[in-house]
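> Let me begin by handing over the structure; questions about it come next.
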Amino acid sequence: MGANFKKSTKRSVKKERTLQFTLNVIGIFMCTGVLIRWWTVPFAVSTKLQIYYNPDFQMKPSECKEFFAFVLCAASVYFSLVNVYFFGKTGKKVVYTVLVLLAVFNLYMILHFLL
């Protein structure tokens, strides 16, 4: 005597959350958090813990352009690396190579500016 079990034919319509999706959402939150810096920086906290506006901290238009260019470049590098990572073994090798090169370049720039 055996039991015959039927496989369920119903499929879950719920979208599967993957690590790639999670990293992309985290990247979106990071980039938007950095982008609102231009608006939140002029506000400071006094010694009496009161929030006040300090116009000296406001970025000039040229600084805003440079800041947005930096954020755009950093976001494109982040999202490119995250999405290339999931292409397979070659994608992982490319991402690790780029990260090592970025680390070496950062160390070189630190030494260059210190000396």
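By order of appearance in the structure tokens: chains A, B, ..., then residues from 1 within every chain, and ligands from 1 in the order shown.
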What residues in range 33-98 of chain A get the DSSP label alpha helix (DSSP H)? Please answer as a PDB file with N, CA, C and O atoms, in the first residue's frame.

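Once written, out09.pdb looks like this:
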ATOM      1  N   GLY A  33      20.825  58.904   0.159  1.00  0.00           N
ATOM      2  CA  GLY A  33      21.291  59.486   1.420  1.00  0.00           C
ATOM      3  C   GLY A  33      22.452  60.436   1.212  1.00  0.00           C
ATOM      4  O   GLY A  33      22.523  61.503   1.831  1.00  0.00           O
ATOM      5  N   VAL A  34      23.368  60.074   0.335  1.00  0.00           N
ATOM      6  CA  VAL A  34      24.501  60.949   0.044  1.00  0.00           C
ATOM      7  C   VAL A  34      24.045  62.164  -0.762  1.00  0.00           C
ATOM      8  O   VAL A  34      24.541  63.275  -0.570  1.00  0.00           O
ATOM      9  N   LEU A  35      23.090  61.967  -1.665  1.00  0.00           N
ATOM     10  CA  LEU A  35      22.626  63.084  -2.492  1.00  0.00           C
ATOM     11  C   LEU A  35      21.909  64.165  -1.693  1.00  0.00           C
ATOM     12  O   LEU A  35      21.977  65.343  -2.055  1.00  0.00           O
ATOM     13  N   ARG A  37      22.762  65.249   1.013  1.00  0.00           N
ATOM     14  CA  ARG A  37      23.752  65.943   1.825  1.00  0.00           C
ATOM     15  C   ARG A  37      23.777  67.431   1.496  1.00  0.00           C
ATOM     16  O   ARG A  37      23.942  68.261   2.376  1.00  0.00           O
ATOM     17  N   TRP A  38      23.647  67.780   0.235  1.00  0.00           N
ATOM     18  CA  TRP A  38      23.735  69.192  -0.144  1.00  0.00           C
ATOM     19  C   TRP A  38      22.653  70.024   0.536  1.00  0.00           C
ATOM     20  O   TRP A  38      22.808  71.217   0.749  1.00  0.00           O
ATOM     21  N   TRP A  39      21.556  69.384   0.926  1.00  0.00           N
ATOM     22  CA  TRP A  39      20.472  70.105   1.574  1.00  0.00           C
ATOM     23  C   TRP A  39      20.602  70.087   3.096  1.00  0.00           C
ATOM     24  O   TRP A  39      20.237  71.044   3.764  1.00  0.00           O
ATOM     25  N   THR A  40      21.148  69.013   3.655  1.00  0.00           N
ATOM     26  CA  THR A  40      21.177  68.867   5.113  1.00  0.00           C
ATOM     27  C   THR A  40      22.428  69.422   5.762  1.00  0.00           C
ATOM     28  O   THR A  40      22.431  69.664   6.961  1.00  0.00           O
ATOM     29  N   PRO A  61      27.375  76.695  -6.261  1.00  0.00           N
ATOM     30  CA  PRO A  61      26.915  75.936  -7.441  1.00  0.00           C
ATOM     31  C   PRO A  61      27.996  75.077  -8.085  1.00  0.00           C
ATOM     32  O   PRO A  61      27.737  73.956  -8.510  1.00  0.00           O
ATOM     33  N   SER A  62      29.221  75.580  -8.146  1.00  0.00           N
ATOM     34  CA  SER A  62      30.294  74.773  -8.743  1.00  0.00           C
ATOM     35  C   SER A  62      30.600  73.554  -7.875  1.00  0.00           C
ATOM     36  O   SER A  62      30.884  72.466  -8.387  1.00  0.00           O
ATOM     37  N   GLU A  63      30.543  73.735  -6.551  1.00  0.00           N
ATOM     38  CA  GLU A  63      30.765  72.601  -5.653  1.00  0.00           C
ATOM     39  C   GLU A  63      29.635  71.587  -5.771  1.00  0.00           C
ATOM     40  O   GLU A  63      29.879  70.379  -5.683  1.00  0.00           O
ATOM     41  N   CYS A  64      28.411  72.065  -5.990  1.00  0.00           N
ATOM     42  CA  CYS A  64      27.275  71.146  -6.167  1.00  0.00           C
ATOM     43  C   CYS A  64      27.463  70.292  -7.415  1.00  0.00           C
ATOM     44  O   CYS A  64      27.202  69.093  -7.396  1.00  0.00           O
ATOM     45  N   LYS A  65      27.910  70.915  -8.508  1.00  0.00           N
ATOM     46  CA  LYS A  65      28.152  70.159  -9.740  1.00  0.00           C
ATOM     47  C   LYS A  65      29.206  69.081  -9.516  1.00  0.00           C
ATOM     48  O   LYS A  65      29.046  67.936  -9.932  1.00  0.00           O
ATOM     49  N   GLU A  66      30.301  69.452  -8.838  1.00  0.00           N
ATOM     50  CA  GLU A  66      31.358  68.482  -8.562  1.00  0.00           C
ATOM     51  C   GLU A  66      30.855  67.369  -7.650  1.00  0.00           C
ATOM     52  O   GLU A  66      31.182  66.197  -7.843  1.00  0.00           O
ATOM     53  N   PHE A  67      30.059  67.738  -6.665  1.00  0.00           N
ATOM     54  CA  PHE A  67      29.528  66.752  -5.736  1.00  0.00           C
ATOM     55  C   PHE A  67      28.587  65.779  -6.442  1.00  0.00           C
ATOM     56  O   PHE A  67      28.676  64.563  -6.253  1.00  0.00           O
ATOM     57  N   PHE A  68      27.693  66.300  -7.273  1.00  0.00           N
ATOM     58  CA  PHE A  68      26.779  65.422  -8.007  1.00  0.00           C
ATOM     59  C   PHE A  68      27.525  64.547  -8.999  1.00  0.00           C
ATOM     60  O   PHE A  68      27.163  63.388  -9.206  1.00  0.00           O
ATOM     61  N   ALA A  69      28.582  65.064  -9.605  1.00  0.00           N
ATOM     62  CA  ALA A  69      29.400  64.250 -10.515  1.00  0.00           C
ATOM     63  C   ALA A  69      30.078  63.114  -9.745  1.00  0.00           C
ATOM     64  O   ALA A  69      30.135  61.972 -10.214  1.00  0.00           O
ATOM     65  N   PHE A  70      30.587  63.425  -8.546  1.00  0.00           N
ATOM     66  CA  PHE A  70      31.204  62.396  -7.717  1.00  0.00           C
ATOM     67  C   PHE A  70      30.199  61.314  -7.344  1.00  0.00           C
ATOM     68  O   PHE A  70      30.483  60.117  -7.453  1.00  0.00           O
ATOM     69  N   VAL A  71      29.018  61.722  -6.896  1.00  0.00           N
ATOM     70  CA  VAL A  71      27.996  60.749  -6.496  1.00  0.00           C
ATOM     71  C   VAL A  71      27.568  59.903  -7.691  1.00  0.00           C
ATOM     72  O   VAL A  71      27.396  58.682  -7.576  1.00  0.00           O
ATOM     73  N   LEU A  72      27.422  60.519  -8.850  1.00  0.00           N
ATOM     74  CA  LEU A  72      27.045  59.785 -10.056  1.00  0.00           C
ATOM     75  C   LEU A  72      28.112  58.749 -10.429  1.00  0.00           C
ATOM     76  O   LEU A  72      27.788  57.598 -10.745  1.00  0.00           O
ATOM     77  N   CYS A  73      29.377  59.149 -10.371  1.00  0.00           N
ATOM     78  CA  CYS A  73      30.464  58.206 -10.682  1.00  0.00           C
ATOM     79  C   CYS A  73      30.526  57.077  -9.657  1.00  0.00           C
ATOM     80  O   CYS A  73      30.686  55.907 -10.019  1.00  0.00           O
ATOM     81  N   ALA A  74      30.418  57.415  -8.376  1.00  0.00           N
ATOM     82  CA  ALA A  74      30.469  56.388  -7.337  1.00  0.00           C
ATOM     83  C   ALA A  74      29.293  55.424  -7.468  1.00  0.00           C
ATOM     84  O   ALA A  74      29.453  54.205  -7.322  1.00  0.00           O
ATOM     85  N   ALA A  75      28.102  55.948  -7.760  1.00  0.00           N
ATOM     86  CA  ALA A  75      26.932  55.085  -7.920  1.00  0.00           C
ATOM     87  C   ALA A  75      27.076  54.185  -9.137  1.00  0.00           C
ATOM     88  O   ALA A  75      26.722  52.996  -9.085  1.00  0.00           O
ATOM     89  N   SER A  76      27.610  54.720 -10.231  1.00  0.00           N
ATOM     90  CA  SER A  76      27.776  53.881 -11.422  1.00  0.00           C
ATOM     91  C   SER A  76      28.793  52.774 -11.182  1.00  0.00           C
ATOM     92  O   SER A  76      28.592  51.642 -11.628  1.00  0.00           O
ATOM     93  N   VAL A  77      29.862  53.068 -10.453  1.00  0.00           N
ATOM     94  CA  VAL A  77      30.838  52.024 -10.118  1.00  0.00           C
ATOM     95  C   VAL A  77      30.196  50.981  -9.216  1.00  0.00           C
ATOM     96  O   VAL A  77      30.340  49.772  -9.440  1.00  0.00           O
ATOM     97  N   TYR A  78      29.461  51.421  -8.207  1.00  0.00           N
ATOM     98  CA  TYR A  78      28.824  50.483  -7.280  1.00  0.00           C
ATOM     99  C   TYR A  78      27.842  49.562  -8.003  1.00  0.00           C
ATOM    100  O   TYR A  78      27.917  48.334  -7.875  1.00  0.00           O
ATOM    101  N   PHE A  79      26.913  50.147  -8.753  1.00  0.00           N
ATOM    102  CA  PHE A  79      25.899  49.328  -9.419  1.00  0.00           C
ATOM    103  C   PHE A  79      26.506  48.445 -10.506  1.00  0.00           C
ATOM    104  O   PHE A  79      26.052  47.324 -10.726  1.00  0.00           O
ATOM    105  N   SER A  80      27.533  48.940 -11.181  1.00  0.00           N
ATOM    106  CA  SER A  80      28.206  48.106 -12.177  1.00  0.00           C
ATOM    107  C   SER A  80      28.852  46.891 -11.518  1.00  0.00           C
ATOM    108  O   SER A  80      28.705  45.759 -11.999  1.00  0.00           O
ATOM    109  N   LEU A  81      29.559  47.126 -10.418  1.00  0.00           N
ATOM    110  CA  LEU A  81      30.223  46.014  -9.742  1.00  0.00           C
ATOM    111  C   LEU A  81      29.219  45.014  -9.167  1.00  0.00           C
ATOM    112  O   LEU A  81      29.423  43.795  -9.257  1.00  0.00           O
ATOM    113  N   VAL A  82      28.139  45.519  -8.592  1.00  0.00           N
ATOM    114  CA  VAL A  82      27.132  44.616  -8.029  1.00  0.00           C
ATOM    115  C   VAL A  82      26.526  43.742  -9.122  1.00  0.00           C
ATOM    116  O   VAL A  82      26.377  42.531  -8.957  1.00  0.00           O
ATOM    117  N   ASN A  83      26.183  44.336 -10.254  1.00  0.00           N
ATOM    118  CA  ASN A  83      25.512  43.566 -11.295  1.00  0.00           C
ATOM    119  C   ASN A  83      26.476  42.682 -12.086  1.00  0.00           C
ATOM    120  O   ASN A  83      26.085  41.615 -12.544  1.00  0.00           O
ATOM    121  N   VAL A  84      27.732  43.086 -12.243  1.00  0.00           N
ATOM    122  CA  VAL A  84      28.718  42.233 -12.915  1.00  0.00           C
ATOM    123  C   VAL A  84      29.054  41.030 -12.038  1.00  0.00           C
ATOM    124  O   VAL A  84      29.330  39.934 -12.538  1.00  0.00           O
ATOM    125  N   TYR A  85      29.033  41.207 -10.721  1.00  0.00           N
ATOM    126  CA  TYR A  85      29.366  40.130  -9.793  1.00  0.00           C
ATOM    127  C   TYR A  85      28.499  38.891 -10.014  1.00  0.00           C
ATOM    128  O   TYR A  85      28.957  37.768  -9.859  1.00  0.00           O
ATOM    129  N   LYS A  89      31.433  33.053 -12.568  1.00  0.00           N
ATOM    130  CA  LYS A  89      32.800  33.058 -12.046  1.00  0.00           C
ATOM    131  C   LYS A  89      33.640  34.178 -12.647  1.00  0.00           C
ATOM    132  O   LYS A  89      34.423  34.804 -11.943  1.00  0.00           O
ATOM    133  N   THR A  90      33.477  34.420 -13.941  1.00  0.00           N
ATOM    134  CA  THR A  90      34.271  35.493 -14.550  1.00  0.00           C
ATOM    135  C   THR A  90      33.856  36.857 -14.007  1.00  0.00           C
ATOM    136  O   THR A  90      34.701  37.725 -13.815  1.00  0.00           O
ATOM    137  N   GLY A  91      32.579  37.043 -13.740  1.00  0.00           N
ATOM    138  CA  GLY A  91      32.117  38.299 -13.147  1.00  0.00           C
ATOM    139  C   GLY A  91      32.704  38.519 -11.772  1.00  0.00           C
ATOM    140  O   GLY A  91      33.104  39.636 -11.426  1.00  0.00           O
ATOM    141  N   LYS A  92      32.766  37.448 -10.987  1.00  0.00           N
ATOM    142  CA  LYS A  92      33.351  37.565  -9.646  1.00  0.00           C
ATOM    143  C   LYS A  92      34.828  37.909  -9.730  1.00  0.00           C
ATOM    144  O   LYS A  92      35.333  38.733  -8.970  1.00  0.00           O
ATOM    145  N   LYS A  93      35.538  37.283 -10.677  1.00  0.00           N
ATOM    146  CA  LYS A  93      36.964  37.577 -10.838  1.00  0.00           C
ATOM    147  C   LYS A  93      37.172  39.033 -11.252  1.00  0.00           C
ATOM    148  O   LYS A  93      38.083  39.691 -10.756  1.00  0.00           O
ATOM    149  N   VAL A  94      36.330  39.515 -12.147  1.00  0.00           N
ATOM    150  CA  VAL A  94      36.435  40.912 -12.589  1.00  0.00           C
ATOM    151  C   VAL A  94      36.191  41.856 -11.417  1.00  0.00           C
ATOM    152  O   VAL A  94      36.933  42.827 -11.215  1.00  0.00           O
ATOM    153  N   VAL A  95      35.169  41.589 -10.623  1.00  0.00           N
ATOM    154  CA  VAL A  95      34.845  42.457  -9.480  1.00  0.00           C
ATOM    155  C   VAL A  95      35.976  42.450  -8.468  1.00  0.00           C
ATOM    156  O   VAL A  95      36.391  43.516  -7.988  1.00  0.00           O
ATOM    157  N   TYR A  96      36.513  41.274  -8.137  1.00  0.00           N
ATOM    158  CA  TYR A  96      37.609  41.213  -7.163  1.00  0.00           C
ATOM    159  C   TYR A  96      38.851  41.923  -7.693  1.00  0.00           C
ATOM    160  O   TYR A  96      39.554  42.607  -6.947  1.00  0.00           O
ATOM    161  N   THR A  97      39.112  41.795  -8.983  1.00  0.00           N
ATOM    162  CA  THR A  97      40.258  42.483  -9.577  1.00  0.00           C
ATOM    163  C   THR A  97      40.074  43.991  -9.508  1.00  0.00           C
ATOM    164  O   THR A  97      41.004  44.728  -9.138  1.00  0.00           O
ATOM    165  N   VAL A  98      38.895  44.468  -9.839  1.00  0.00           N
ATOM    166  CA  VAL A  98      38.631  45.912  -9.791  1.00  0.00           C
ATOM    167  C   VAL A  98      38.736  46.419  -8.353  1.00  0.00           C
ATOM    168  O   VAL A  98      39.296  47.500  -8.104  1.00  0.00           O
TER     169      VAL A  98
END
